[in-house]
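Peer 1: For reference, the structure I am asking about is given below.
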Amino acid sequence: MPLVPKDWRLIRRATDGTETVVAENVLSYDLLPSGDVLFTDGAQVTHATPQGTHAALAKDRLIERVIALA
């Protein structure tokens, strides 16, 4: 269950100014050089690609932040 409100959104803004919601309930995130994103809602770490796919990577009771190491 997410630990932050649904309106804490991660938004991707394209060069033409269009915006896409990548995820809701986002507490912390980091970007990978590939353009992929790692984010947490406080209870799960998720990997998101620019194409819109999401994969859960880990779950725990309290995840404060994520850091992507290249």
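Please note that chains go A, B, ... in the order of the structure tokens, that every chain numbers its residues from 1, and that ligands are numbered from 1 in the order shown.
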Per DSSP on the backbone, what are the strand (DSSP E or B) residues of chain A, as a PyMOL selection string?
Peer 2: chain A and resi 10-13+19-23+28-31+37-40+44-48+54-59
Peer 1: Contacts of A:Pro5 at 9 Å or less, counting only C-alpha atoms, minus same-chain residues fewer than 5 places along, as a PyMOL selection string?
Peer 2: chain A and resi 24-27+41
Peer 1: Can you tell me, as a PyMOL selection string, what residues are no more than 7 Å from stretch 31-37 of chain A when counting only C-alpha atoms, ignoring any on the same chain fewer than 2 positions away?
Peer 2: chain A and resi 29+39+47-50+68
Peer 1: Just the number, please: distance in Å from atom CA of A:Arg9 to atom CA of A:Ala23, one decimal.
Peer 2: 5.7 Å
Peer 1: What does the distance between atom CA of A:Gln44 and atom CA of A:Glu19 come to in Å, to one decimal place?
Peer 2: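 Spanning atom CA of A:Gln44 to atom CA of A:Glu19 is a straight-line distance of 24.2 Å.
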Peer 1: Restricting the calculation to only C-alpha atoms: of A:Val66, A:Met1, A:Ala55, A:Ala14, which residue gets closest to A:Thr40?
Peer 2: A:Val66
Peer 1: From the set A:Asp30, A:Gly42, A:Val4, A:Arg12, which residue has the shortest atom-to-atom contact distance to A:Ala58, counting only C-alpha atoms?
Peer 2: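 Smallest separation from A:Ala58 among the options: A:Gly42.
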Peer 1: Mind giving me the straight-line distance from atom CA of A:Asp7 to atom CA of A:Ala43 in Å, one decimal?
Peer 2: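 Spanning atom CA of A:Asp7 to atom CA of A:Ala43 is a straight-line distance of 16.4 Å.
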Peer 1: Tell me, as a list in words, which residues lie within 7 Å of A:Ile11, counting only C-alpha atoms; anything in the same chain fewer than 4 positions away does not count.
Peer 2: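 Close residues of A:Ile11: Glu19, Thr20, Val21 and Val22 of chain A.
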Peer 1: Could you write out that same residue set with all heavy atoms as a compact mmCIF listing (two decimals), in the first residue's frame?
Peer 2:
# COMPACT_ATOMS: atom_id res chain seq x y z
N GLU A 19 3.06 16.67 -21.47
CA GLU A 19 3.35 16.01 -20.21
C GLU A 19 2.63 14.68 -20.12
O GLU A 19 1.50 14.55 -20.58
CB GLU A 19 2.94 16.89 -19.04
CG GLU A 19 3.73 18.17 -18.95
CD GLU A 19 3.35 19.03 -17.77
OE1 GLU A 19 2.27 18.81 -17.17
OE2 GLU A 19 4.12 19.94 -17.44
N THR A 20 3.31 13.69 -19.53
CA THR A 20 2.77 12.37 -19.31
C THR A 20 2.99 11.99 -17.86
O THR A 20 4.09 12.17 -17.34
CB THR A 20 3.49 11.34 -20.22
OG1 THR A 20 3.41 11.76 -21.56
CG2 THR A 20 2.88 9.96 -20.07
N VAL A 21 1.97 11.46 -17.21
CA VAL A 21 2.12 10.98 -15.84
C VAL A 21 2.82 9.63 -15.90
O VAL A 21 2.31 8.68 -16.48
CB VAL A 21 0.76 10.85 -15.13
CG1 VAL A 21 0.93 10.24 -13.74
CG2 VAL A 21 0.07 12.20 -15.04
N VAL A 22 4.00 9.56 -15.31
CA VAL A 22 4.76 8.31 -15.26
C VAL A 22 4.22 7.43 -14.14
O VAL A 22 4.05 6.22 -14.30
CB VAL A 22 6.27 8.59 -15.04
CG1 VAL A 22 7.05 7.30 -14.87
CG2 VAL A 22 6.82 9.42 -16.18
Peer 1: Which of these, A:Val45, A:Trp8, A:Ser28, A:Asp16, has the shortest distance to A:Arg61 once you count only C-alpha atoms?
Peer 2: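 Of A:Val45, A:Trp8, A:Ser28, A:Asp16, the one nearest A:Arg61, counting only C-alpha atoms, is A:Val45.
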